[in-house]
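Shown here: query.cif, mmCIF, C-alpha atoms and all ligand atoms.
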```cif
data_structure
#
loop_
_atom_site.group_PDB
_atom_site.id
_atom_site.type_symbol
_atom_site.label_atom_id
_atom_site.label_comp_id
_atom_site.auth_asym_id
_atom_site.auth_seq_id
_atom_site.Cartn_x
_atom_site.Cartn_y
_atom_site.Cartn_z
ATOM 1 C CA MET A 1 -11.569 -183.285 46.084
ATOM 2 C CA GLY A 2 -13.913 -184.113 43.259
ATOM 3 C CA ASN A 3 -16.774 -183.969 45.708
ATOM 4 C CA ALA A 4 -19.590 -181.864 44.271
ATOM 5 C CA LYS A 5 -20.441 -180.563 47.717
ATOM 6 C CA SER A 6 -16.934 -179.500 48.638
ATOM 7 C CA GLY A 7 -17.203 -175.911 47.352
ATOM 8 C CA VAL A 8 -20.278 -174.848 49.283
ATOM 9 C CA VAL A 9 -21.299 -174.718 52.915
ATOM 10 C CA SER A 10 -24.491 -176.642 53.523
ATOM 11 C CA ARG A 11 -27.615 -174.619 54.279
ATOM 12 C CA GLU A 12 -27.952 -176.362 57.607
ATOM 13 C CA ILE A 13 -24.452 -175.457 58.783
ATOM 14 C CA LEU A 14 -24.806 -171.920 57.480
ATOM 15 C CA ASP A 15 -28.053 -171.300 59.345
ATOM 16 C CA ASP A 16 -26.713 -172.904 62.457
ATOM 17 C CA LEU A 17 -23.538 -170.803 62.422
ATOM 18 C CA LYS A 18 -25.386 -167.579 61.718
ATOM 19 C CA VAL A 19 -27.384 -168.114 64.869
ATOM 20 C CA SER A 20 -24.593 -169.362 67.101
ATOM 21 C CA THR A 21 -21.933 -166.855 66.037
ATOM 22 C CA LYS A 22 -23.648 -163.799 64.529
ATOM 23 C CA PHE A 23 -21.190 -163.893 61.633
ATOM 24 C CA SER A 24 -22.773 -162.918 58.323
ATOM 25 C CA GLU A 25 -23.499 -165.410 55.592
ATOM 26 C CA ALA A 26 -20.873 -163.737 53.393
ATOM 27 C CA GLU A 27 -18.236 -164.039 56.114
ATOM 28 C CA ILE A 28 -19.005 -167.683 56.755
ATOM 29 C CA THR A 29 -18.952 -168.483 53.052
ATOM 30 C CA GLU A 30 -15.601 -166.779 52.634
ATOM 31 C CA TRP A 31 -14.098 -168.637 55.592
ATOM 32 C CA TYR A 32 -15.455 -171.851 54.231
ATOM 33 C CA GLU A 33 -13.646 -171.306 50.937
ATOM 34 C CA ASN A 34 -10.411 -170.593 52.815
ATOM 35 C CA PHE A 35 -10.944 -173.545 55.069
ATOM 36 C CA GLN A 36 -11.401 -175.840 52.075
ATOM 37 C CA LYS A 37 -8.226 -174.509 50.500
ATOM 38 C CA GLN A 38 -6.100 -174.886 53.628
ATOM 39 C CA CYS A 39 -7.697 -178.083 54.641
ATOM 40 C CA PRO A 40 -9.034 -180.070 51.659
ATOM 41 C CA SER A 41 -10.020 -182.994 53.860
ATOM 42 C CA GLY A 42 -12.462 -180.701 55.694
ATOM 43 C CA ARG A 43 -10.963 -181.702 59.039
ATOM 44 C CA ILE A 44 -8.210 -180.204 61.139
ATOM 45 C CA THR A 45 -6.247 -182.847 63.020
ATOM 46 C CA LEU A 46 -4.425 -182.448 66.304
ATOM 47 C CA SER A 47 -1.071 -182.626 64.561
ATOM 48 C CA ASP A 48 -2.105 -179.821 62.147
ATOM 49 C CA PHE A 49 -3.063 -177.839 65.166
ATOM 50 C CA GLU A 50 0.198 -178.507 67.009
ATOM 51 C CA GLU A 51 2.086 -177.361 63.951
ATOM 52 C CA ILE A 52 0.131 -174.096 63.746
ATOM 53 C CA TYR A 53 0.800 -173.380 67.428
ATOM 54 C CA GLY A 54 4.427 -174.303 66.990
ATOM 55 C CA ARG A 55 4.711 -171.549 64.400
ATOM 56 C CA PHE A 56 3.160 -168.992 66.761
ATOM 57 C CA PHE A 57 5.492 -169.947 69.590
ATOM 58 C CA PRO A 58 8.822 -170.750 67.942
ATOM 59 C CA ASP A 59 10.847 -170.145 71.126
ATOM 60 C CA SER A 60 8.874 -172.329 73.483
ATOM 61 C CA ASP A 61 6.980 -175.606 73.736
ATOM 62 C CA ALA A 62 3.393 -175.039 72.641
ATOM 63 C CA LYS A 63 2.467 -178.672 72.159
ATOM 64 C CA THR A 64 0.663 -179.281 75.454
ATOM 65 C CA TYR A 65 -1.202 -176.005 75.220
ATOM 66 C CA ALA A 66 -2.213 -176.777 71.628
ATOM 67 C CA GLN A 67 -3.614 -180.127 72.800
ATOM 68 C CA HIS A 68 -5.769 -178.424 75.417
ATOM 69 C CA VAL A 69 -7.021 -175.773 73.017
ATOM 70 C CA PHE A 70 -7.808 -178.478 70.484
ATOM 71 C CA ARG A 71 -9.777 -180.427 73.085
ATOM 72 C CA SER A 72 -11.757 -177.291 74.013
ATOM 73 C CA PHE A 73 -12.703 -176.742 70.358
ATOM 74 C CA ASP A 74 -13.478 -180.380 69.580
ATOM 75 C CA THR A 75 -16.948 -180.213 71.059
ATOM 76 C CA ASN A 76 -18.118 -183.584 69.696
ATOM 77 C CA ASP A 77 -14.925 -185.319 70.899
ATOM 78 C CA ASP A 78 -14.189 -187.057 67.604
ATOM 79 C CA GLY A 79 -10.526 -186.045 67.558
ATOM 80 C CA THR A 80 -10.810 -183.632 64.617
ATOM 81 C CA LEU A 81 -12.104 -180.097 64.094
ATOM 82 C CA ASP A 82 -14.670 -179.710 61.362
ATOM 83 C CA PHE A 83 -15.675 -176.406 59.786
ATOM 84 C CA LYS A 84 -18.413 -175.758 62.299
ATOM 85 C CA GLU A 85 -16.160 -176.308 65.295
ATOM 86 C CA TYR A 86 -13.511 -174.165 63.652
ATOM 87 C CA ILE A 87 -15.884 -171.234 63.126
ATOM 88 C CA VAL A 88 -17.303 -171.439 66.634
ATOM 89 C CA ALA A 89 -13.704 -171.472 67.926
ATOM 90 C CA LEU A 90 -12.834 -168.456 65.825
ATOM 91 C CA HIS A 91 -15.934 -166.705 67.051
ATOM 92 C CA MET A 92 -15.208 -167.327 70.727
ATOM 93 C CA THR A 93 -11.521 -166.515 70.682
ATOM 94 C CA SER A 94 -11.621 -163.486 68.390
ATOM 95 C CA SER A 95 -14.770 -161.965 69.810
ATOM 96 C CA GLY A 96 -14.602 -158.502 71.305
ATOM 97 C CA LYS A 97 -16.995 -159.747 73.955
ATOM 98 C CA MET A 98 -15.095 -160.591 77.089
ATOM 99 C CA ALA A 99 -17.848 -162.872 78.400
ATOM 100 C CA LEU A 100 -17.518 -165.064 75.342
ATOM 101 C CA LYS A 101 -13.750 -165.252 75.596
ATOM 102 C CA LEU A 102 -14.068 -166.217 79.234
ATOM 103 C CA GLU A 103 -16.626 -168.895 78.431
ATOM 104 C CA TRP A 104 -14.028 -170.342 76.139
ATOM 105 C CA ALA A 105 -11.295 -169.963 78.784
ATOM 106 C CA PHE A 106 -13.528 -171.913 81.144
ATOM 107 C CA SER A 107 -13.820 -174.738 78.648
ATOM 108 C CA LEU A 108 -10.041 -174.718 78.253
ATOM 109 C CA PHE A 109 -9.566 -175.191 82.006
ATOM 110 C CA ASP A 110 -12.370 -177.745 82.306
ATOM 111 C CA VAL A 111 -10.121 -180.558 81.116
ATOM 112 C CA ASP A 112 -12.594 -183.401 81.711
ATOM 113 C CA LYS A 113 -15.539 -181.360 80.396
ATOM 114 C CA ASN A 114 -17.731 -181.973 83.446
ATOM 115 C CA GLY A 115 -18.803 -178.352 83.879
ATOM 116 C CA TYR A 116 -16.542 -177.603 86.856
ATOM 117 C CA ILE A 117 -12.911 -176.667 87.299
ATOM 118 C CA THR A 118 -10.834 -178.331 89.987
ATOM 119 C CA LYS A 119 -7.500 -177.212 91.390
ATOM 120 C CA ALA A 120 -5.864 -180.125 89.557
ATOM 121 C CA GLU A 121 -7.263 -178.836 86.264
ATOM 122 C CA VAL A 122 -5.970 -175.334 87.006
ATOM 123 C CA CYS A 123 -2.541 -176.880 87.705
ATOM 124 C CA GLU A 124 -2.653 -178.804 84.446
ATOM 125 C CA ILE A 125 -3.466 -175.756 82.322
ATOM 126 C CA CYS A 126 -0.970 -173.590 84.206
ATOM 127 C CA GLN A 127 1.698 -176.179 83.292
ATOM 128 C CA ALA A 128 0.715 -175.907 79.634
ATOM 129 C CA ILE A 129 0.687 -172.086 79.730
ATOM 130 C CA PHE A 130 4.060 -172.034 81.478
ATOM 131 C CA LYS A 131 5.601 -174.042 78.663
ATOM 132 C CA LEU A 132 4.497 -171.308 76.244
ATOM 133 C CA ILE A 133 6.745 -168.820 78.018
ATOM 134 C CA PRO A 134 10.247 -168.793 76.541
ATOM 135 C CA LYS A 135 12.984 -169.759 79.037
ATOM 136 C CA GLU A 136 14.541 -166.296 79.192
ATOM 137 C CA LYS A 137 11.131 -164.763 79.949
ATOM 138 C CA GLN A 138 10.475 -167.355 82.646
ATOM 139 C CA ALA A 139 13.587 -166.100 84.413
ATOM 140 C CA GLU A 140 12.133 -162.582 84.559
ATOM 141 C CA LEU A 141 8.842 -163.580 86.202
ATOM 142 C CA PRO A 142 7.966 -162.329 89.704
ATOM 143 C CA SER A 143 8.832 -164.785 92.481
ATOM 144 C CA ASP A 144 5.187 -165.729 93.117
ATOM 145 C CA GLU A 145 4.641 -166.605 89.448
ATOM 146 C CA ASN A 146 7.851 -168.241 88.349
ATOM 147 C CA THR A 147 6.692 -171.860 88.475
ATOM 148 C CA PRO A 148 3.501 -173.448 87.135
ATOM 149 C CA GLU A 149 2.592 -174.495 90.715
ATOM 150 C CA LYS A 150 2.900 -170.951 92.077
ATOM 151 C CA ARG A 151 0.839 -169.587 89.200
ATOM 152 C CA ALA A 152 -1.840 -172.199 89.810
ATOM 153 C CA ASP A 153 -1.933 -171.378 93.541
ATOM 154 C CA LYS A 154 -2.192 -167.672 92.838
ATOM 155 C CA LEU A 155 -4.909 -168.102 90.219
ATOM 156 C CA TRP A 156 -6.879 -170.535 92.366
ATOM 157 C CA GLY A 157 -6.747 -168.009 95.214
ATOM 158 C CA TYR A 158 -8.896 -165.570 93.231
ATOM 159 C CA PHE A 159 -11.828 -167.978 93.241
ATOM 160 C CA GLY A 160 -12.020 -168.142 97.046
ATOM 161 C CA LYS A 161 -12.293 -171.933 97.127
ATOM 162 C CA LYS A 162 -10.645 -174.648 99.189
ATOM 163 C CA ASP A 163 -8.259 -176.925 97.312
ATOM 164 C CA THR A 164 -10.833 -179.721 97.428
ATOM 165 C CA GLU A 165 -13.693 -177.578 96.110
ATOM 166 C CA ARG A 166 -14.563 -176.844 92.506
ATOM 167 C CA VAL A 167 -15.381 -173.728 90.488
ATOM 168 C CA ALA A 168 -18.464 -173.406 88.286
ATOM 169 C CA GLU A 169 -18.458 -171.391 85.070
ATOM 170 C CA GLY A 170 -20.115 -168.295 86.556
ATOM 171 C CA GLU A 171 -17.673 -168.294 89.472
ATOM 172 C CA PHE A 172 -14.736 -168.639 87.118
ATOM 173 C CA ILE A 173 -15.861 -165.748 84.926
ATOM 174 C CA LYS A 174 -16.573 -163.535 87.935
ATOM 175 C CA GLY A 175 -13.205 -164.320 89.543
ATOM 176 C CA VAL A 176 -11.327 -163.478 86.373
ATOM 177 C CA LEU A 177 -13.315 -160.319 85.601
ATOM 178 C CA GLU A 178 -12.775 -158.996 89.118
ATOM 179 C CA ASN A 179 -9.030 -159.589 89.180
ATOM 180 C CA GLU A 180 -6.642 -158.231 86.605
ATOM 181 C CA ASP A 181 -3.971 -160.663 87.722
ATOM 182 C CA ALA A 182 -6.317 -163.608 87.242
ATOM 183 C CA MET A 183 -7.054 -162.366 83.734
ATOM 184 C CA ARG A 184 -3.330 -162.261 83.054
ATOM 185 C CA LEU A 185 -2.647 -165.695 84.531
ATOM 186 C CA ILE A 186 -5.245 -167.562 82.496
ATOM 187 C CA GLN A 187 -3.350 -166.810 79.299
ATOM 188 C CA TYR A 188 0.037 -166.020 77.873
ATOM 189 C CA GLU A 189 0.409 -163.339 75.258
ATOM 190 C CA PRO A 190 3.921 -162.841 74.033
ATOM 191 C CA LYS A 191 4.860 -159.173 74.065
ATOM 192 C CA LYS A 192 6.300 -157.830 70.843
HETATM 193 CA CA CA A 201 -14.864 -182.641 66.268
HETATM 194 CA CA CA A 202 -13.684 -180.473 85.166
#
```
Could you write out this structure as structure tokens?
Ligand SMILES: [Ca+2]
Ligand SMILES: [Ca+2]
Amino acid sequence: MGNAKSGVVSREILDDLKVSTKFSEAEITEWYENFQKQCPSGRITLSDFEEIYGRFFPDSDAKTYAQHVFRSFDTNDDGTLDFKEYIVALHMTSSGKMALKLEWAFSLFDVDKNGYITKAEVCEICQAIFKLIPKEKQAELPSDENTPEKRADKLWGYFGKKDTERVAEGEFIKGVLENEDAMRLIQYEPKK
């Protein structure tokens, strides 16, 4: 507010985003204006984010999942999302390109950001995804998917690794692309 720079995206960010996302300058500028309106501080906090997810999942507990998604978007680990992180997030999650979506999914599962996914990390994200599923829908799940632990075991099985081994990004993407059930288990999309 009152900041002369607040209405415009800086040239540096614009050029950077054009390269990293392939969005047009006009698109980025428009999103920037919206972003400024919704978020005058220029930063999205974790609690903003939890609130947004809460609205998308009114019948379940989206808080843990929102925290993981937030962490995957907060690439500089400063505890907020700035415009650049927000646009990159939008780009990865809304892209028609499956490879890009799966790159993002990998970063969601790589809780400690060390470039590998462990079974414990798969369990952690499966817990968060499970909480997104409303109670009455949980009751309808097949018997090998009706707990977070079973879902984690099933998903882990598609990567062909021992419980003590770890999965690299390429292995993760391959495992998910080759198995429809793995693709389904790494996310939860409420059916209308
Ligand atoms: Ca950040
Ligand atoms: Ca990791």
Test item: residues at most 9 Å from Ile133 in chain A, all atoms listed in the file, excluding those fewer than 2 positions along its chain, as a PyMOL selection string: chain A and resi 57+59-62+129-131+135-138+188-190
- request: Could you tell me which residues the PyMOL selection byres (((not hetatm)) within 8 of (chain A and resi 202)) returns for this structure, as a PyMOL selection string?
  value: chain A and resi 109-118+121
Tell me which residues the PyMOL selection byres (((chain A and resi 46-55) around 12) and not hetatm) grabs here, as a CSV table (one decimal) with C-alpha atoms, in the coordinates of the input.
```csv
chain,number,residue,atom,x,y,z
A,38,GLN,CA,-6.1,-174.9,53.6
A,39,CYS,CA,-7.7,-178.1,54.6
A,41,SER,CA,-10.0,-183.0,53.9
A,43,ARG,CA,-11.0,-181.7,59.0
A,44,ILE,CA,-8.2,-180.2,61.1
A,45,THR,CA,-6.2,-182.8,63.0
A,56,PHE,CA,3.2,-169.0,66.8
A,57,PHE,CA,5.5,-169.9,69.6
A,58,PRO,CA,8.8,-170.8,67.9
A,59,ASP,CA,10.8,-170.1,71.1
A,60,SER,CA,8.9,-172.3,73.5
A,61,ASP,CA,7.0,-175.6,73.7
A,62,ALA,CA,3.4,-175.0,72.6
A,63,LYS,CA,2.5,-178.7,72.2
A,64,THR,CA,0.7,-179.3,75.5
A,65,TYR,CA,-1.2,-176.0,75.2
A,66,ALA,CA,-2.2,-176.8,71.6
A,67,GLN,CA,-3.6,-180.1,72.8
A,68,HIS,CA,-5.8,-178.4,75.4
A,69,VAL,CA,-7.0,-175.8,73.0
A,70,PHE,CA,-7.8,-178.5,70.5
A,71,ARG,CA,-9.8,-180.4,73.1
A,72,SER,CA,-11.8,-177.3,74.0
A,73,PHE,CA,-12.7,-176.7,70.4
A,74,ASP,CA,-13.5,-180.4,69.6
A,77,ASP,CA,-14.9,-185.3,70.9
A,78,ASP,CA,-14.2,-187.1,67.6
A,79,GLY,CA,-10.5,-186.0,67.6
A,80,THR,CA,-10.8,-183.6,64.6
A,81,LEU,CA,-12.1,-180.1,64.1
A,82,ASP,CA,-14.7,-179.7,61.4
A,86,TYR,CA,-13.5,-174.2,63.7
A,131,LYS,CA,5.6,-174.0,78.7
A,132,LEU,CA,4.5,-171.3,76.2
```
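Interatomic distance, CA of Val9 in chain A against CA of Leu90 in chain A: 16.7 Å.
Separating CA of Phe172 in chain A from CA of Lys154 in chain A is a distance of 13.8 Å.
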- request: Using all atoms listed in the file, pick whichever of A:Asn76, A:Thr21, A:Gln127, A:Thr164 has the shortest atom-to-atom distance to Ser94 in chain A.
  value: A:Thr21
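CA of Tyr32 in chain A sits 25.9 Å away from CA of Ala99 in chain A.
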Provide an axis-aligned box for all listed atoms of range 41-51 of chain A, padding each side by 3 Å; report its centre and its edge lengths in Å to one decimal, as JSON.
```
{"center_x": -5.2, "center_y": -180.2, "center_z": 60.4, "size_x": 20.5, "size_y": 11.6, "size_z": 19.1}
```
- request: Select, from A:Lys191, A:Trp156, A:Asp15, A:Arg184, the residue with the minimum atom-to-atom distance to Glu171 in chain A, counting only C-alpha atoms.
  value: A:Trp156
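The shell of residues at most 8 Å from Leu14 in chain A, with all atoms listed in the file counted and near chain neighbours (fewer than 4 positions) removed, consists of Val9, Ser10, Lys18, Glu25 and Ile28 of chain A.
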Please, could you write that set of residues out with C-alpha atoms as a PDB file, in the frame of the given file?
```
ATOM      1  CA  VAL A   9     -21.299-174.718  52.915  1.00  0.00           C
ATOM      2  CA  SER A  10     -24.491-176.642  53.523  1.00  0.00           C
ATOM      3  CA  LYS A  18     -25.386-167.579  61.718  1.00  0.00           C
ATOM      4  CA  GLU A  25     -23.499-165.410  55.592  1.00  0.00           C
ATOM      5  CA  ILE A  28     -19.005-167.683  56.755  1.00  0.00           C
TER       6      ILE A  28
END
```
message: For this structure, which residues satisfy the selection - the PyMOL selection byres (((chain A and resi 186) around 10) and not hetatm) - when it is evaluated on the file as given? I want them as a ChimeraX atom specification.
response: /A:102,105-106,108-109,122,125-126,129,151-152,155,176,181-185,187-188
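You can rank A:Arg11, A:Lys22, A:Lys174, A:Lys119 by their closest distance to Glu103 in chain A using all atoms listed in the file, and at the top of that list sits A:Lys174.
Each of A:Ala168, A:Val88, A:Cys123, A:Leu17 was checked against ligand CA 201 (chain A) using only C-alpha atoms and all ligand atoms; the smallest atom-to-atom distance is that of A:Val88.
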field: Among the residues A:Gly96, A:Glu140, A:Lys161, A:His91, the one that comes closest to Val19 in chain A [using all atoms listed in the file]
entry: A:His91
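The nearest approach to Tyr158 in chain A among the residues A:Glu124, A:Glu180, A:Glu27, A:Asp16, with all atoms listed in the file taken into account, belongs to A:Glu180.
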